[in-house]
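Below is my_file-v1.txt, holding compact mmCIF, C-alpha atoms.
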# COMPACT_ATOMS: atom_id res chain seq x y z
CA MET B 1 63.54 101.19 113.41
CA SER B 2 64.11 97.54 114.06
CA PHE B 3 63.65 94.04 112.72
CA SER B 4 61.89 91.22 114.47
CA ILE B 5 62.37 87.63 113.45
CA LYS B 6 60.12 84.70 114.27
CA LYS B 7 59.51 81.21 112.95
CA GLN B 8 56.15 80.21 111.58
CA GLY B 9 56.41 76.49 110.85
CA ASP B 10 59.52 76.14 108.72
CA ILE B 11 59.35 79.74 107.49
CA VAL B 12 61.47 82.55 108.91
CA VAL B 13 59.30 85.69 109.07
CA VAL B 14 61.03 89.07 109.33
CA ASP B 15 59.05 92.22 110.16
CA VAL B 16 60.65 95.51 109.10
CA GLU B 17 59.53 98.12 111.61
CA GLY B 18 60.24 101.71 110.50
CA GLN B 19 62.61 102.47 107.65
CA LEU B 20 64.91 100.19 105.70
CA ILE B 21 67.73 102.55 104.78
CA VAL B 22 71.49 102.92 104.60
CA GLY B 23 71.77 103.26 108.40
CA ASN B 24 70.24 99.86 109.27
CA ARG B 25 70.40 97.71 106.15
CA GLN B 26 73.44 95.75 107.43
CA GLU B 27 71.49 94.73 110.52
CA LEU B 28 68.74 93.19 108.38
CA LYS B 29 71.30 91.50 106.14
CA GLN B 30 73.17 89.98 109.05
CA LYS B 31 70.01 88.72 110.78
CA VAL B 32 68.83 86.94 107.64
CA LEU B 33 72.29 85.57 106.82
CA ASP B 34 72.57 84.18 110.37
CA GLU B 35 69.33 82.25 109.84
CA LEU B 36 70.50 81.07 106.42
CA GLU B 37 73.70 79.81 107.99
CA LYS B 38 71.67 77.86 110.54
CA GLY B 39 70.13 75.99 107.61
CA GLU B 40 66.86 77.89 107.21
CA LYS B 41 65.59 77.90 103.60
CA LYS B 42 62.26 79.74 103.54
CA PHE B 43 62.13 83.48 104.24
CA LEU B 44 59.30 85.97 104.29
CA ILE B 45 59.93 89.69 104.78
CA ASP B 46 56.79 91.57 105.84
CA PHE B 47 56.61 95.34 105.21
CA SER B 48 53.27 96.10 106.88
CA GLN B 49 55.03 98.25 109.48
CA THR B 50 57.57 99.84 107.13
CA GLY B 51 57.82 103.55 106.34
CA TYR B 52 60.14 104.04 103.40
CA ILE B 53 62.97 102.10 101.76
CA ASP B 54 65.98 103.73 100.08
CA SER B 55 68.25 102.38 97.35
CA SER B 56 70.56 100.70 99.87
CA GLY B 57 67.58 98.96 101.42
CA LEU B 58 66.50 97.74 97.99
CA GLY B 59 70.09 96.67 97.36
CA VAL B 60 70.15 94.54 100.50
CA LEU B 61 66.93 92.81 99.46
CA VAL B 62 68.47 92.03 96.05
CA SER B 63 71.62 90.70 97.71
CA LEU B 64 69.65 88.55 100.18
CA SER B 65 67.49 87.19 97.40
CA LYS B 66 70.61 86.02 95.54
CA LYS B 67 72.23 84.49 98.62
CA ILE B 68 69.05 82.65 99.62
CA ARG B 69 68.65 81.29 96.07
CA GLU B 70 72.29 80.17 96.03
CA GLN B 71 71.56 78.07 99.12
CA GLY B 72 68.52 76.53 97.46
CA GLY B 73 66.12 78.65 99.48
CA GLU B 74 63.20 80.95 98.71
CA LEU B 75 62.38 84.54 99.60
CA ARG B 76 58.94 86.14 99.52
CA LEU B 77 57.93 89.73 100.26
CA ALA B 78 54.54 90.75 101.63
CA ASN B 79 52.38 93.73 102.55
CA LEU B 80 53.94 96.47 100.44
CA ASN B 81 51.75 99.56 100.65
CA ASP B 82 51.00 101.57 97.48
CA ASP B 83 54.04 103.84 97.94
CA LEU B 84 56.41 100.93 98.43
CA LYS B 85 54.87 99.12 95.46
CA THR B 86 55.60 102.20 93.35
CA LEU B 87 59.21 102.06 94.47
CA PHE B 88 59.51 98.42 93.38
CA GLU B 89 57.78 99.20 90.07
CA LEU B 90 60.01 102.20 89.30
CA THR B 91 63.10 100.05 89.77
CA LYS B 92 61.45 97.01 88.13
CA LEU B 93 62.27 95.01 91.24
CA ASP B 94 58.66 93.85 91.22
CA THR B 95 59.84 91.52 88.42
CA LEU B 96 62.64 90.06 90.54
CA PHE B 97 60.75 89.33 93.75
CA GLN B 98 57.73 87.24 94.52
CA ILE B 99 55.44 89.73 96.24
CA ALA B 100 52.22 88.78 98.02
CA ASP B 101 49.47 91.16 99.10
CA THR B 102 49.14 89.62 102.54
CA ARG B 103 51.27 87.66 104.97
CA GLU B 104 48.86 84.73 104.79
CA ARG B 105 49.10 84.50 101.01
CA ALA B 106 52.88 84.72 101.19
CA LEU B 107 53.00 81.92 103.78
CA GLU B 108 50.73 79.74 101.64
CA SER B 109 52.88 80.32 98.55
CA PHE B 110 55.88 78.33 99.80
CA MET D 1 49.05 117.55 112.59
CA THR D 2 46.39 120.21 112.24
CA ASP D 3 44.95 120.55 108.78
CA ILE D 4 45.25 124.23 107.91
CA ARG D 5 42.28 124.02 105.57
CA SER D 6 40.02 122.57 108.23
CA ARG D 7 40.09 125.72 110.30
CA GLY D 8 37.42 127.38 108.19
CA GLU D 9 37.25 130.97 107.02
CA ASP D 10 39.64 132.28 109.66
CA ALA D 11 42.49 130.12 108.34
CA ALA D 12 45.53 131.97 107.02
CA PRO D 13 45.84 131.68 103.23
CA LEU D 14 48.15 128.84 102.33
CA GLY D 15 49.70 130.83 99.47
CA GLU D 16 51.40 133.14 101.94
CA LEU D 17 53.01 130.35 103.90
CA ARG D 18 56.72 129.86 103.23
CA ILE D 19 59.05 127.71 105.25
CA ALA D 20 62.83 127.84 105.00
CA LEU D 21 65.17 125.84 107.14
CA GLU D 22 68.80 124.86 107.26
CA VAL D 23 70.23 121.81 108.97
CA SER D 24 73.87 120.81 109.33
CA ILE D 25 74.87 117.26 110.24
CA PRO D 26 78.14 115.37 110.70
CA SER D 27 79.05 112.78 108.05
CA ASP D 28 77.21 109.96 109.76
CA VAL D 29 74.36 108.02 108.11
CA ARG D 30 72.57 107.69 111.46
CA TYR D 31 71.45 111.33 111.11
CA ILE D 32 69.60 110.73 107.83
CA GLU D 33 66.32 109.55 109.28
CA ARG D 34 66.06 112.55 111.61
CA VAL D 35 66.73 115.10 108.85
CA VAL D 36 64.21 113.39 106.57
CA GLU D 37 61.61 113.58 109.34
CA ILE D 38 62.21 117.31 109.82
CA VAL D 39 61.78 118.06 106.11
CA ARG D 40 58.85 115.71 105.71
CA SER D 41 56.97 117.45 108.52
CA GLN D 42 57.40 120.79 106.71
CA CYS D 43 55.91 119.29 103.55
CA MET D 44 52.96 118.06 105.57
CA ALA D 45 52.56 121.51 107.11
CA VAL D 46 51.96 123.04 103.68
CA LEU D 47 49.73 120.16 102.65
CA PHE D 48 51.85 118.48 100.03
CA ALA D 49 50.19 115.32 98.65
CA PRO D 50 50.40 112.35 101.04
CA ARG D 51 52.39 110.38 98.45
CA HIS D 52 54.94 113.18 98.17
CA CYS D 53 55.33 113.27 101.96
CA ALA D 54 55.51 109.48 102.31
CA LEU D 55 57.54 108.47 99.25
CA ASN D 56 59.04 111.13 96.98
CA VAL D 57 60.53 113.43 99.60
CA PRO D 58 61.83 110.83 102.10
CA VAL D 59 63.42 108.56 99.48
CA ALA D 60 64.97 111.31 97.30
CA LEU D 61 66.33 113.22 100.30
CA SER D 62 67.61 110.03 101.88
CA GLU D 63 69.51 109.25 98.65
CA ALA D 64 71.00 112.75 98.42
CA LEU D 65 72.11 112.60 102.07
CA SER D 66 73.69 109.18 101.83
CA ASN D 67 75.57 110.16 98.66
CA ALA D 68 76.85 113.31 100.38
CA ILE D 69 77.90 111.46 103.54
CA LEU D 70 79.38 108.32 101.95
CA TYR D 71 80.87 109.58 98.67
CA GLY D 72 81.10 113.38 98.96
CA ASN D 73 82.57 113.45 102.45
CA GLY D 74 83.84 109.86 102.58
CA GLU D 75 82.28 109.51 106.05
CA ASP D 76 84.96 111.84 107.40
CA PRO D 77 83.64 112.86 110.85
CA GLY D 78 85.35 116.24 110.49
CA LYS D 79 83.25 117.09 107.42
CA HIS D 80 79.65 118.21 107.45
CA VAL D 81 76.61 117.98 105.20
CA ARG D 82 74.35 121.01 104.96
CA VAL D 83 70.70 120.76 103.99
CA ARG D 84 68.59 123.72 102.95
CA ALA D 85 64.87 123.28 102.45
CA GLN D 86 62.41 125.83 101.13
CA VAL D 87 58.76 124.94 100.93
CA ASP D 88 55.85 127.05 99.78
CA ASP D 89 52.50 126.46 98.17
CA GLU D 90 54.11 125.80 94.78
CA GLN D 91 57.18 123.69 95.35
CA LEU D 92 59.79 122.17 97.60
CA VAL D 93 63.43 122.97 96.88
CA LEU D 94 66.08 120.96 98.71
CA GLU D 95 69.81 121.59 98.53
CA VAL D 96 72.21 119.05 99.96
CA ALA D 97 75.82 120.27 100.11
CA ASP D 98 78.90 118.25 100.97
CA GLU D 99 82.62 119.05 101.06
CA GLY D 100 83.53 116.83 98.12
CA THR D 101 84.65 117.67 94.62
CA GLY D 102 81.39 116.73 92.92
CA PHE D 103 80.56 114.37 90.08
CA ASP D 104 78.96 114.26 86.66
CA LEU D 105 75.28 113.68 87.29
CA GLU D 106 74.51 112.33 83.82
CA GLU D 107 77.53 110.10 83.64
CA GLU D 108 76.95 108.60 87.06
CA THR D 109 73.26 107.85 86.57
CA ASN D 110 72.66 104.26 85.42
CA ASP D 111 69.42 102.68 84.40
CA PRO D 112 68.95 100.01 87.06
CA THR D 113 65.89 98.63 85.26
CA GLN D 114 68.04 97.22 82.43
CA LEU D 115 68.23 93.44 82.53
CA GLU D 116 71.99 93.45 83.13
CA ASN D 117 71.59 95.79 86.12
CA ILE D 118 68.49 94.42 87.78
CA GLU D 119 70.40 92.13 90.16
CA ARG D 120 72.98 94.73 91.10
CA GLU D 121 73.06 95.70 94.74
CA ASP D 122 73.97 99.34 94.05
CA GLY D 123 73.32 101.97 91.40
CA ARG D 124 69.71 102.95 92.13
CA GLY D 125 70.23 106.14 94.17
CA LEU D 126 70.58 108.81 91.47
CA PHE D 127 67.99 107.07 89.31
CA LEU D 128 65.44 107.16 92.14
CA MET D 129 66.14 110.84 92.83
CA GLN D 130 65.41 111.63 89.19
CA GLN D 131 62.29 109.49 89.12
CA LEU D 132 60.86 110.94 92.31
CA MET D 133 61.70 114.64 91.81
CA ASP D 134 60.68 117.05 89.04
CA ARG D 135 64.21 118.37 88.70
CA VAL D 136 67.66 117.26 89.91
CA GLU D 137 70.63 119.60 89.46
CA ARG D 138 74.24 119.49 90.60
CA PHE D 139 76.53 122.46 90.94
CA ASP D 140 79.56 123.71 92.86
CA ASP D 141 79.21 126.28 95.60
CA HIS D 142 82.19 126.01 97.98
CA GLY D 143 81.65 122.26 97.67
CA ASN D 144 79.31 119.95 95.88
CA VAL D 145 75.58 120.73 95.90
CA ILE D 146 72.62 118.65 94.73
CA ARG D 147 69.38 120.58 94.28
CA LEU D 148 66.11 118.67 94.22
CA THR D 149 62.89 120.37 93.16
CA LEU D 150 59.42 118.92 93.60
CA LYS D 151 56.39 120.79 92.33
CA ARG D 152 53.43 120.66 94.63
CA GLY D 153 51.13 119.11 92.00
CA ALA D 154 48.02 117.18 92.86
Translate the structure described by the file into structure tokens.
Amino acid sequence: MSFSIKKQGDIVVVDVEGQLIVGNRQELKQKVLDELEKGEKKFLIDFSQTGYIDSSGLGVLVSLSKKIREQGGELRLANLNDDLKTLFELTKLDTLFQIADTRERALESF
Amino acid sequence: MTDIRSRGEDAAPLGELRIALEVSIPSDVRYIERVVEIVRSQCMAVLFAPRHCALNVPVALSEALSNAILYGNGEDPGKHVRVRAQVDDEQLVLEVADEGTGFDLEEETNDPTQLENIEREDGRGLFLMQQLMDRVERFDDHGNVIRLTLKRGA
């Protein structure tokens, strides 16, 4: 499991490869916060290569969303498969995040 | 993985297949993913629904393990978490035991979907276990045990 970060225009794109769980959530948090500190404002987290997410993983996404908003930035999520969508629906986090079906749509939505 | 049903008339009847396993890990969250993978592969072996193997089992077990490691054992490297899994054609029963004193399942379960909780970083673990499993029980047996039951279903 790992996270890769790249810039696409002025958008920071993070790919979550594998699981987003209690064992690696801090790594994702720190990587995004580092970019936020550098002055980046637009963030897209892509889950096309993600297995499952646990409650700590969801918690980190909530926390990042708040921190990015506090800095005047925006966070989008993309490519949740049906199982991950169910997880967001069960927790009603689908109402908190802006979720796009594809990476392209998410990039266009900024 | 070989599909047991695809082997034709010579295939062993699934109803007779029972898997039981026990895993013990130190109180370290880095072990969670490996244990989940072991249990998930057993569910796949008895042809549980793909959604159960990809979502219900991994997330609920991951929650039970992190609770046991972080809260039950306080990440004490000298304490262990024991996982028992029994799978057959009807259901999966998981027991996750730690060395802690236990907790009140009902009292500790919040509703994270309430407006005042939606932006909280924590408080979704027990709720998710209950949403994703058919039954969640807690009892004491020389330590604190959480038992998760998932019916095979469709």
Report as a tab-separated table the residues of chain D within 7 Å of chain B, each with its shortest atom pair and distance in Å (one decimal), using only C-alpha atoms, ordered by chain and increasing residue number.
residue	atom	partner	partner_atom	distance
D:Val29	CA	B:Gly23	CA	5.4
D:Arg30	CA	B:Gly23	CA	5.4
D:Arg51	CA	B:Asp83	CA	6.8
D:Leu55	CA	B:Asp83	CA	6.0
D:Val59	CA	B:Asp54	CA	5.5
D:Ser62	CA	B:Asp54	CA	6.8
D:Glu63	CA	B:Asp54	CA	6.7
D:Pro112	CA	B:Thr91	CA	6.4
D:Thr113	CA	B:Thr91	CA	5.5
D:Glu119	CA	B:Val62	CA	6.2
D:Glu121	CA	B:Gly59	CA	4.1
D:Asp122	CA	B:Gly59	CA	5.8
D:Arg124	CA	B:Ser55	CA	5.5
D:Gly125	CA	B:Ser55	CA	5.3
request  = Please indicate the distance in Å from CA of Gly74 in chain D to CA of Arg147 in chain D, rounded to one decimal place.
outcome  =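 Computed distance, CA of Gly74 in chain D to CA of Arg147 in chain D, equals 19.8 Å.
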query = Restricting the calculation to all atoms listed in the file, which member of D:Glu137, D:Gln131, D:Val81, D:Glu107 is positioned closest to Tyr31 in chain D?
reply = D:Val81
Radius query 8 Å about (55.2, 116.7, 98.2), atoms used: all atoms listed in the file, as a count of residues only = 17
request  = Pick out the closest residue to Ile11 in chain B from this set: B:Glu40, B:Leu33, B:Arg105, B:Glu27. Count only C-alpha atoms.
outcome  =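 With only C-alpha atoms as the atom set, the closest residue is B:Glu40.
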Do you know which residues lie at most 12 Å from (85.5, 118.9, 114.1), with coordinates as in the file and only C-alpha atoms counted, and could you write them as a PDB file with C-alpha atoms, in the frame of the given file?
ATOM      1  CA  ILE D  25      74.870 117.260 110.240  1.00  0.00           C
ATOM      2  CA  PRO D  26      78.140 115.370 110.700  1.00  0.00           C
ATOM      3  CA  SER D  27      79.050 112.780 108.050  1.00  0.00           C
ATOM      4  CA  ASP D  76      84.960 111.840 107.400  1.00  0.00           C
ATOM      5  CA  PRO D  77      83.640 112.860 110.850  1.00  0.00           C
ATOM      6  CA  GLY D  78      85.350 116.240 110.490  1.00  0.00           C
ATOM      7  CA  LYS D  79      83.250 117.090 107.420  1.00  0.00           C
ATOM      8  CA  HIS D  80      79.650 118.210 107.450  1.00  0.00           C
TER       9      HIS D  80
END
task = For each of D:Ala85, D:Thr101, D:Ala45, D:Gln130, take the minimum atom-to-atom distance to Gly72 in chain D, counting all atoms listed in the file, then give the residue where this is smallest.
result =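 So, comparing all the options, the nearest one is D:Thr101.
The nearest approach to Leu70 in chain D among the residues D:Asp140, D:Asp134, D:Glu16, D:Asp98, with all atoms listed in the file taken into account, belongs to D:Asp98.
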key: Between CA of Arg120 in chain D and CA of Gly100 in chain D, distance in Å (one decimal)   =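 Those two atoms sit 25.5 Å apart.
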request  = Just the residues within 8 Å of Met129 in chain D, please, counting all atoms listed in the file, with nothing from its chain fewer than 5 positions along; format it as number ranges by chain.
outcome  = D: 59-61, 63-64, 136, 148
I need the residues from that last selection saved to file as an mmCIF file, in the frame of the given file (with C-alpha atoms), if you can.
data_model
loop_
_atom_site.group_PDB
_atom_site.id
_atom_site.type_symbol
_atom_site.label_atom_id
_atom_site.label_comp_id
_atom_site.auth_asym_id
_atom_site.auth_seq_id
_atom_site.Cartn_x
_atom_site.Cartn_y
_atom_site.Cartn_z
ATOM 1 C CA VAL D 59 63.420 108.560 99.480
ATOM 2 C CA ALA D 60 64.970 111.310 97.300
ATOM 3 C CA LEU D 61 66.330 113.220 100.300
ATOM 4 C CA GLU D 63 69.510 109.250 98.650
ATOM 5 C CA ALA D 64 71.000 112.750 98.420
ATOM 6 C CA VAL D 136 67.660 117.260 89.910
ATOM 7 C CA LEU D 148 66.110 118.670 94.220
#
query = Just how far from CA of Ile38 in chain D is CA of Lys29 in chain B, in Å to one decimal?
reply = 27.6 Å
inquiry  = Give me, as a VMD selection string, all polymer residues having an atom no more than 10 Å from Arg84 in chain D, counting only C-alpha atoms and skipping those fewer than 5 positions away in the same chain.
reply    = chain D and resid 20 to 24 39 93 to 97 147
